[in-house]
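Enquirer: What follows is a structure written as structure tokens; I'll ask about it next.
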Amino acid sequence: MIPLQDNAPRRCPPLVTWGLMGVNVLIFLLMVQLHPQVLERLVHTLGLVPVRVIHPELVPNLDGGGLGYWAFLTCMFVHGGWLHILLNMWTLWIFGDNVEDQMGPGRYLAFYLLTGTVASALHLAANPMSTVPIVGASGAISGVMGAYFAMFPRARIVILVPVFVLPFFFEVPAVFFLAFWFLEQLLSGAVALAGPQFGGGIAWWAHVGGFVCGLLLHRLFVQRNSPRPCRGYGDELRQWGLLEPRDRV
């Protein structure tokens, strides 16, 4: 099932969501220009390698060197291929704008980075001896999806279901789509525990950890009072010339 759009309205332009998408795409486009050997070394440096964090004494000379705990942050902005980044950015676009709308730009960014960090931590706990770097925004985006699940239970999602070569379109409740997606990640993660060959190169437990973190912690980041239109955005928009200045009353 591929989500295409939702019907949840938003009040404000999702500046942080746009910014995150832009940074991810820019970094990806820069990295694909590199020589394959340089690219592989950079991925090992910016990516989060579980054994390097959990048991650094075992791999003192692991290729790439690593950035220590900064890798929890940098790994969120590195992607492993065109399909990887396209799916991640598309999913962020569908669910991120509404969550940002409820949290405001600053809290939303903090929420995004926190859920991404927790997602990576759960992956490390499930794969402490892995030497494969984890990269991608999936953990943080999973956190956004967990928040969306709780905050927009009445929203509906238009999904694409390809059957052989024929596309079929359906509109389903967001809670159904997200619950199905979460159970798929959970079951796949359980299978992956049997061995890395069953994981398919996907950090399933990062998805699970991000979703659960977003589901449980989103209330801490939602704006308490009902904000006026685009509270937290007006100053940025006026600064960039996108809104006319107004007198304060």
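FYI, nothing fancy with the structure tokens labels: chains A, B, ... in order, residues from 1 per chain, ligands from 1 as they appear.
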Residues within 9 Å of Gly106 in chain A, please, as a compact mmCIF listing (two decimals) with C-alpha atoms, in the first residue's frame. Count only C-alpha atoms; anything in the same chain fewer than 4 positions from it doesn't count.
Expert:
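Saved the output as result_16.txt:
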# COMPACT_ATOMS: atom_id res chain seq x y z
CA VAL A 16 10.16 22.86 8.84
CA GLU A 100 3.94 20.39 12.36
CA ALA A 110 12.71 18.91 18.36
CA PHE A 111 10.11 16.13 18.19
CA GLY A 232 5.17 30.80 15.21
Enquirer: Which distance in Å separates CA of Val158 in chain A and CA of Gly139 in chain A, to one decimal?
Expert: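 Separation of CA of Val158 in chain A and CA of Gly139 in chain A: 22.7 Å.
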Enquirer: Nearest to Ala203 in chain A: which of A:Pro36, A:Gly143, A:Gly136, A:Pro105 is it, counting only C-alpha atoms?
Expert: A:Gly136
Enquirer: Residues at most 7 Å from Met129 in chain A, counting only C-alpha atoms, excluding those fewer than 2 positions away in the same chain, as a VMD selection string?
Expert: chain A and resid 50 to 51 127 131
Enquirer: Just want the 12 Å neighbourhood of His123 in chain A, counted on only C-alpha atoms, with same-chain residues fewer than 4 positions away dropped. Output as a PyMOL selection string.
Expert: chain A and resi 48-51+53-54+72+116-119+127-130+132-135+138-139+189+192-193+199+202-210
Enquirer: Which residues in range 59-225 of chain A does DSSP call helix (DSSP H, G or I)? List them as a VMD selection string.
Expert: chain A and resid 68 to 77 82 to 103 105 to 126 138 to 151 174 to 192 196 to 198 204 to 220
Enquirer: Of the candidates A:Val43, A:Ala121, A:Leu86, A:Val212, which shows the shortest atom-to-atom distance to Leu183 in chain A, using only C-alpha atoms?
Expert: A:Val212
Enquirer: Rounded to one decimal place, report the CA of Pro3 in chain A-CA of Leu160 in chain A distance in Å.
Expert: 6.3 Å
Enquirer: CA of His79 in chain A and CA of Ile27 in chain A, how far apart in Å?
Expert: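 One can read the CA of Ile27 in chain A to CA of His79 in chain A distance as 8.7 Å.
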